[in-house]
Each structure stands twice: as structure tokens, then as C-alpha cells.
Amino acid sequence: MPIHFLKSVACFKGVCTVEEAEPLLQWLQDQPRAKIKLRECTHLHTAILQVLLVANPPVTLPPQDPELARWLMPALQNDR
């Protein structure tokens, strides 16, 4: 499973596809203090990005892949 849901942290690993967008949205709606760890994420479907942009949870660990982090993190680290 590309997204592992803990009590208040979602850990992304490998290729995260469109199929994970709906469970992520549901989890974020149920977790008001949710945090996101993208350290092991290598690909993020745009549907997941849209969910993250709307929910705006804090990202505690950016992707280890510098190219992915370069385009993803500026969008996710907007003013809170």
C-alpha cells in the first residue's frame, strides 16, 4: 500500500496512484491534526496533490527525491 495511515500521520511510499486519492481524502477529513510524510514517495498522482492542496496538512518530511521535492514542496508549503 503506497500510503500507510497511522493515527495522525500518513506515510507515502513509492508510486502513489489515483486509487489512493479517495482514501486519503476520507482519512484527512477524519483527522483534524493530520500530518504528511513524503520522504519515501517517488511519484504522486495529481489527484492526490489536489487533495493535499485542499486539505493543507503540514508536510513533516519532504520527498527524498530532489526533483520531486523541487516541484512539489513549494505548492504544499504555502502560508498556513
# chains A, B, ... in the order shown; residues from 1 in each chain; ligands from 1
call {"tool": "residues_around", "arguments": {"residues": "Glu40 of chain A", "least_positions_apart": "4", "cutoff": "9 Å", "atoms": "only C-alpha atoms", "output": "PDB file with N, CA and C atoms, in the first residue's frame"}}
result
ATOM      1  N   CYS A  11       1.997   8.189   5.800  1.00  0.00           N
ATOM      2  CA  CYS A  11       3.333   7.984   5.248  1.00  0.00           C
ATOM      3  C   CYS A  11       3.207   7.491   3.807  1.00  0.00           C
ATOM      4  N   PHE A  12       3.759   8.253   2.885  1.00  0.00           N
ATOM      5  CA  PHE A  12       3.693   7.929   1.462  1.00  0.00           C
ATOM      6  C   PHE A  12       4.957   7.172   1.072  1.00  0.00           C
ATOM      7  N   LYS A  13       4.795   6.124   0.253  1.00  0.00           N
ATOM      8  CA  LYS A  13       5.943   5.313  -0.149  1.00  0.00           C
ATOM      9  C   LYS A  13       5.790   4.895  -1.599  1.00  0.00           C
ATOM     10  N   GLY A  14       6.841   5.098  -2.382  1.00  0.00           N
ATOM     11  CA  GLY A  14       6.841   4.661  -3.770  1.00  0.00           C
ATOM     12  C   GLY A  14       5.898   5.468  -4.632  1.00  0.00           C
ATOM     13  N   PRO A  62       9.724  16.076   3.559  1.00  0.00           N
ATOM     14  CA  PRO A  62       9.563  16.205   2.108  1.00  0.00           C
ATOM     15  C   PRO A  62      10.097  14.969   1.392  1.00  0.00           C
ATOM     16  N   PRO A  63       9.798  14.826   0.104  1.00  0.00           N
ATOM     17  CA  PRO A  63      10.330  13.684  -0.649  1.00  0.00           C
ATOM     18  C   PRO A  63      11.864  13.695  -0.661  1.00  0.00           C
ATOM     19  N   GLN A  64      12.424  12.523  -0.566  1.00  0.00           N
ATOM     20  CA  GLN A  64      13.877  12.378  -0.634  1.00  0.00           C
ATOM     21  C   GLN A  64      14.376  12.661  -2.052  1.00  0.00           C
ATOM     22  N   ASP A  65      13.571  12.355  -3.044  1.00  0.00           N
ATOM     23  CA  ASP A  65      13.908  12.613  -4.442  1.00  0.00           C
ATOM     24  C   ASP A  65      13.951  14.128  -4.654  1.00  0.00           C
TER      25      ASP A  65
END
call {"tool": "residues_around", "arguments": {"residues": "Glu19 of chain A", "least_positions_apart": "2", "cutoff": "12 Å", "atoms": "only C-alpha atoms", "output": "PyMOL selection string"}}
result
chain A and resi 1-3+15-17+21-25+44-48
call {"tool": "residues_around", "arguments": {"residues": "Asn56 of chain A", "least_positions_apart": "6", "cutoff": "12 Å", "atoms": "only C-alpha atoms", "output": "PDB file with N, CA and C atoms, in the first residue's frame"}}
result
ATOM      1  N   LEU A  25      -8.419  11.378   1.135  1.00  0.00           N
ATOM      2  CA  LEU A  25      -9.383  12.432   1.444  1.00  0.00           C
ATOM      3  C   LEU A  25     -10.218  12.054   2.665  1.00  0.00           C
ATOM      4  N   LEU A  28      -8.074  12.294   5.803  1.00  0.00           N
ATOM      5  CA  LEU A  28      -7.813  13.690   6.171  1.00  0.00           C
ATOM      6  C   LEU A  28      -9.059  14.345   6.779  1.00  0.00           C
ATOM      7  N   GLN A  29     -10.231  13.989   6.306  1.00  0.00           N
ATOM      8  CA  GLN A  29     -11.464  14.539   6.874  1.00  0.00           C
ATOM      9  C   GLN A  29     -11.695  14.034   8.299  1.00  0.00           C
ATOM     10  N   PRO A  32      -8.289  15.791  12.088  1.00  0.00           N
ATOM     11  CA  PRO A  32      -8.087  17.242  12.051  1.00  0.00           C
ATOM     12  C   PRO A  32      -6.634  17.672  12.285  1.00  0.00           C
ATOM     13  N   ARG A  33      -5.829  16.830  12.889  1.00  0.00           N
ATOM     14  CA  ARG A  33      -4.420  17.161  13.149  1.00  0.00           C
ATOM     15  C   ARG A  33      -3.478  16.323  12.294  1.00  0.00           C
ATOM     16  N   ALA A  34      -3.927  15.970  11.123  1.00  0.00           N
ATOM     17  CA  ALA A  34      -3.146  15.103  10.236  1.00  0.00           C
ATOM     18  C   ALA A  34      -1.840  15.751   9.808  1.00  0.00           C
ATOM     19  N   LYS A  35      -0.845  14.906   9.652  1.00  0.00           N
ATOM     20  CA  LYS A  35       0.457  15.305   9.122  1.00  0.00           C
ATOM     21  C   LYS A  35       0.823  14.329   8.012  1.00  0.00           C
ATOM     22  N   ILE A  36       1.685  14.794   7.110  1.00  0.00           N
ATOM     23  CA  ILE A  36       2.054  14.007   5.949  1.00  0.00           C
ATOM     24  C   ILE A  36       3.566  13.821   5.906  1.00  0.00           C
ATOM     25  N   ILE A  48      -4.003  13.161  -5.962  1.00  0.00           N
ATOM     26  CA  ILE A  48      -3.526  13.198  -4.573  1.00  0.00           C
ATOM     27  C   ILE A  48      -3.015  14.595  -4.249  1.00  0.00           C
ATOM     28  N   LEU A  49      -2.319  15.198  -5.189  1.00  0.00           N
ATOM     29  CA  LEU A  49      -1.846  16.563  -4.989  1.00  0.00           C
ATOM     30  C   LEU A  49      -3.027  17.500  -4.744  1.00  0.00           C
ATOM     31  N   GLN A  50      -4.091  17.340  -5.494  1.00  0.00           N
ATOM     32  CA  GLN A  50      -5.275  18.179  -5.314  1.00  0.00           C
ATOM     33  C   GLN A  50      -5.878  17.997  -3.924  1.00  0.00           C
ATOM     34  N   MET A  73       7.103  20.646  -3.146  1.00  0.00           N
ATOM     35  CA  MET A  73       7.113  21.336  -1.860  1.00  0.00           C
ATOM     36  C   MET A  73       6.704  22.810  -1.929  1.00  0.00           C
ATOM     37  N   ALA A  75       4.416  24.118  -3.636  1.00  0.00           N
ATOM     38  CA  ALA A  75       2.945  24.124  -3.684  1.00  0.00           C
ATOM     39  C   ALA A  75       2.342  23.749  -2.346  1.00  0.00           C
ATOM     40  N   LEU A  76       2.999  22.848  -1.626  1.00  0.00           N
ATOM     41  CA  LEU A  76       2.445  22.358  -0.359  1.00  0.00           C
ATOM     42  C   LEU A  76       2.857  23.186   0.840  1.00  0.00           C
ATOM     43  N   GLN A  77       3.831  24.048   0.689  1.00  0.00           N
ATOM     44  CA  GLN A  77       4.296  24.862   1.823  1.00  0.00           C
ATOM     45  C   GLN A  77       3.823  26.304   1.701  1.00  0.00           C
ATOM     46  N   ASN A  78       2.580  26.467   1.337  1.00  0.00           N
ATOM     47  CA  ASN A  78       2.045  27.823   1.259  1.00  0.00           C
ATOM     48  C   ASN A  78       1.813  28.367   2.656  1.00  0.00           C
ATOM     49  N   ASP A  79       1.473  29.640   2.748  1.00  0.00           N
ATOM     50  CA  ASP A  79       1.222  30.260   4.065  1.00  0.00           C
ATOM     51  C   ASP A  79       0.045  29.575   4.734  1.00  0.00           C
ATOM     52  N   ARG A  80       0.248  29.166   5.940  1.00  0.00           N
ATOM     53  CA  ARG A  80      -0.797  28.475   6.708  1.00  0.00           C
ATOM     54  C   ARG A  80      -1.566  29.460   7.541  1.00  0.00           C
TER      55      ARG A  80
END
call {"tool": "closest_residue", "arguments": {"among": "A:Leu68, A:Val59, A:Leu52, A:Leu6", "to": "Lys37 of chain A", "atoms": "only C-alpha atoms"}}
result
A:Val59
call {"tool": "select_by_dssp", "arguments": {"residues": "segment 32-62 of chain A", "states": "strand (DSSP E or B)", "output": "MDAnalysis selection string"}}
result
chainID A and resid 35:44 59:61
call {"tool": "write_last_selection", "arguments": {"atoms": "C-alpha atoms", "output": "PDB file, in the first residue's frame"}}
result
ATOM      1  CA  LYS A  35       0.457  15.305   9.122  1.00  0.00           C
ATOM      2  CA  ILE A  36       2.054  14.007   5.949  1.00  0.00           C
ATOM      3  CA  LYS A  37       5.405  12.288   5.425  1.00  0.00           C
ATOM      4  CA  LEU A  38       6.521  12.172   1.800  1.00  0.00           C
ATOM      5  CA  ARG A  39      10.110  11.001   2.422  1.00  0.00           C
ATOM      6  CA  GLU A  40       9.797   7.711   0.524  1.00  0.00           C
ATOM      7  CA  CYS A  41       7.383   8.938  -2.156  1.00  0.00           C
ATOM      8  CA  THR A  42       8.735   8.659  -5.708  1.00  0.00           C
ATOM      9  CA  HIS A  43       5.623   9.676  -7.672  1.00  0.00           C
ATOM     10  CA  LEU A  44       2.425  11.461  -6.687  1.00  0.00           C
ATOM     11  CA  VAL A  59       4.293  18.027   5.475  1.00  0.00           C
ATOM     12  CA  THR A  60       6.784  16.913   8.120  1.00  0.00           C
ATOM     13  CA  LEU A  61       9.177  15.143   5.747  1.00  0.00           C
TER      14      LEU A  61
END
call {"tool": "atom_distance", "arguments": {"atom1": "atom CA of Gln26 of chain A", "atom2": "atom CA of Val54 of chain A"}}
result
12.6 Å
call {"tool": "decode", "arguments": {"residues": "segment 3-34 of chain A", "atoms": "N, CA and C atoms", "output": "PDB file, in the first residue's frame"}}
result
ATOM      1  N   ILE A   3       0.246   4.369   0.619  1.00  0.00           N
ATOM      2  CA  ILE A   3       0.039   5.291   1.731  1.00  0.00           C
ATOM      3  C   ILE A   3      -0.334   4.475   2.952  1.00  0.00           C
ATOM      4  N   HIS A   4       0.485   4.619   3.992  1.00  0.00           N
ATOM      5  CA  HIS A   4       0.247   3.909   5.246  1.00  0.00           C
ATOM      6  C   HIS A   4      -0.310   4.923   6.236  1.00  0.00           C
ATOM      7  N   PHE A   5      -1.526   4.678   6.725  1.00  0.00           N
ATOM      8  CA  PHE A   5      -2.189   5.604   7.626  1.00  0.00           C
ATOM      9  C   PHE A   5      -1.966   5.197   9.071  1.00  0.00           C
ATOM     10  N   LEU A   6      -1.358   6.078   9.835  1.00  0.00           N
ATOM     11  CA  LEU A   6      -1.202   5.891  11.267  1.00  0.00           C
ATOM     12  C   LEU A   6      -2.260   6.745  11.958  1.00  0.00           C
ATOM     13  N   LYS A   7      -2.156   6.904  13.261  1.00  0.00           N
ATOM     14  CA  LYS A   7      -3.175   7.664  13.993  1.00  0.00           C
ATOM     15  C   LYS A   7      -3.315   9.086  13.446  1.00  0.00           C
ATOM     16  N   SER A   8      -2.210   9.801  13.306  1.00  0.00           N
ATOM     17  CA  SER A   8      -2.303  11.181  12.829  1.00  0.00           C
ATOM     18  C   SER A   8      -1.286  11.500  11.730  1.00  0.00           C
ATOM     19  N   VAL A   9      -0.641  10.470  11.190  1.00  0.00           N
ATOM     20  CA  VAL A   9       0.376  10.660  10.149  1.00  0.00           C
ATOM     21  C   VAL A   9       0.090   9.715   8.984  1.00  0.00           C
ATOM     22  N   ALA A  10       0.165  10.268   7.778  1.00  0.00           N
ATOM     23  CA  ALA A  10       0.079   9.447   6.566  1.00  0.00           C
ATOM     24  C   ALA A  10       1.470   9.394   5.962  1.00  0.00           C
ATOM     25  N   CYS A  11       1.997   8.189   5.800  1.00  0.00           N
ATOM     26  CA  CYS A  11       3.333   7.984   5.248  1.00  0.00           C
ATOM     27  C   CYS A  11       3.207   7.491   3.807  1.00  0.00           C
ATOM     28  N   PHE A  12       3.759   8.253   2.885  1.00  0.00           N
ATOM     29  CA  PHE A  12       3.693   7.929   1.462  1.00  0.00           C
ATOM     30  C   PHE A  12       4.957   7.172   1.072  1.00  0.00           C
ATOM     31  N   LYS A  13       4.795   6.124   0.253  1.00  0.00           N
ATOM     32  CA  LYS A  13       5.943   5.313  -0.149  1.00  0.00           C
ATOM     33  C   LYS A  13       5.790   4.895  -1.599  1.00  0.00           C
ATOM     34  N   GLY A  14       6.841   5.098  -2.382  1.00  0.00           N
ATOM     35  CA  GLY A  14       6.841   4.661  -3.770  1.00  0.00           C
ATOM     36  C   GLY A  14       5.898   5.468  -4.632  1.00  0.00           C
ATOM     37  N   VAL A  15       5.228   4.782  -5.544  1.00  0.00           N
ATOM     38  CA  VAL A  15       4.318   5.409  -6.505  1.00  0.00           C
ATOM     39  C   VAL A  15       2.918   5.467  -5.896  1.00  0.00           C
ATOM     40  N   CYS A  16       2.409   6.676  -5.705  1.00  0.00           N
ATOM     41  CA  CYS A  16       1.076   6.874  -5.140  1.00  0.00           C
ATOM     42  C   CYS A  16       0.134   7.240  -6.281  1.00  0.00           C
ATOM     43  N   THR A  17      -0.809   6.357  -6.568  1.00  0.00           N
ATOM     44  CA  THR A  17      -1.670   6.472  -7.750  1.00  0.00           C
ATOM     45  C   THR A  17      -3.019   7.094  -7.413  1.00  0.00           C
ATOM     46  N   VAL A  18      -3.813   7.281  -8.436  1.00  0.00           N
ATOM     47  CA  VAL A  18      -5.127   7.896  -8.290  1.00  0.00           C
ATOM     48  C   VAL A  18      -6.009   7.098  -7.328  1.00  0.00           C
ATOM     49  N   GLU A  19      -5.814   5.808  -7.226  1.00  0.00           N
ATOM     50  CA  GLU A  19      -6.636   4.977  -6.345  1.00  0.00           C
ATOM     51  C   GLU A  19      -6.506   5.365  -4.872  1.00  0.00           C
ATOM     52  N   GLU A  20      -5.413   6.011  -4.516  1.00  0.00           N
ATOM     53  CA  GLU A  20      -5.205   6.400  -3.122  1.00  0.00           C
ATOM     54  C   GLU A  20      -5.842   7.748  -2.787  1.00  0.00           C
ATOM     55  N   ALA A  21      -6.309   8.488  -3.765  1.00  0.00           N
ATOM     56  CA  ALA A  21      -6.837   9.832  -3.519  1.00  0.00           C
ATOM     57  C   ALA A  21      -8.073   9.818  -2.612  1.00  0.00           C
ATOM     58  N   GLU A  22      -9.033   8.961  -2.909  1.00  0.00           N
ATOM     59  CA  GLU A  22     -10.258   8.941  -2.110  1.00  0.00           C
ATOM     60  C   GLU A  22     -10.023   8.477  -0.669  1.00  0.00           C
ATOM     61  N   PRO A  23      -9.273   7.385  -0.434  1.00  0.00           N
ATOM     62  CA  PRO A  23      -8.987   7.016   0.962  1.00  0.00           C
ATOM     63  C   PRO A  23      -8.207   8.106   1.702  1.00  0.00           C
ATOM     64  N   LEU A  24      -7.311   8.794   0.998  1.00  0.00           N
ATOM     65  CA  LEU A  24      -6.571   9.886   1.625  1.00  0.00           C
ATOM     66  C   LEU A  24      -7.522  11.003   2.024  1.00  0.00           C
ATOM     67  N   LEU A  25      -8.419  11.378   1.135  1.00  0.00           N
ATOM     68  CA  LEU A  25      -9.383  12.432   1.444  1.00  0.00           C
ATOM     69  C   LEU A  25     -10.218  12.054   2.665  1.00  0.00           C
ATOM     70  N   GLN A  26     -10.720  10.842   2.697  1.00  0.00           N
ATOM     71  CA  GLN A  26     -11.526  10.388   3.841  1.00  0.00           C
ATOM     72  C   GLN A  26     -10.720  10.444   5.131  1.00  0.00           C
ATOM     73  N   TRP A  27      -9.485   9.967   5.091  1.00  0.00           N
ATOM     74  CA  TRP A  27      -8.627   9.967   6.276  1.00  0.00           C
ATOM     75  C   TRP A  27      -8.369  11.388   6.748  1.00  0.00           C
ATOM     76  N   LEU A  28      -8.074  12.294   5.803  1.00  0.00           N
ATOM     77  CA  LEU A  28      -7.813  13.690   6.171  1.00  0.00           C
ATOM     78  C   LEU A  28      -9.059  14.345   6.779  1.00  0.00           C
ATOM     79  N   GLN A  29     -10.231  13.989   6.306  1.00  0.00           N
ATOM     80  CA  GLN A  29     -11.464  14.539   6.874  1.00  0.00           C
ATOM     81  C   GLN A  29     -11.695  14.034   8.299  1.00  0.00           C
ATOM     82  N   ASP A  30     -11.217  12.833   8.592  1.00  0.00           N
ATOM     83  CA  ASP A  30     -11.382  12.244   9.923  1.00  0.00           C
ATOM     84  C   ASP A  30     -10.267  12.620  10.892  1.00  0.00           C
ATOM     85  N   GLN A  31      -9.185  13.204  10.383  1.00  0.00           N
ATOM     86  CA  GLN A  31      -8.011  13.518  11.202  1.00  0.00           C
ATOM     87  C   GLN A  31      -7.724  15.023  11.173  1.00  0.00           C
ATOM     88  N   PRO A  32      -8.289  15.791  12.088  1.00  0.00           N
ATOM     89  CA  PRO A  32      -8.087  17.242  12.051  1.00  0.00           C
ATOM     90  C   PRO A  32      -6.634  17.672  12.285  1.00  0.00           C
ATOM     91  N   ARG A  33      -5.829  16.830  12.889  1.00  0.00           N
ATOM     92  CA  ARG A  33      -4.420  17.161  13.149  1.00  0.00           C
ATOM     93  C   ARG A  33      -3.478  16.323  12.294  1.00  0.00           C
ATOM     94  N   ALA A  34      -3.927  15.970  11.123  1.00  0.00           N
ATOM     95  CA  ALA A  34      -3.146  15.103  10.236  1.00  0.00           C
ATOM     96  C   ALA A  34      -1.840  15.751   9.808  1.00  0.00           C
TER      97      ALA A  34
END
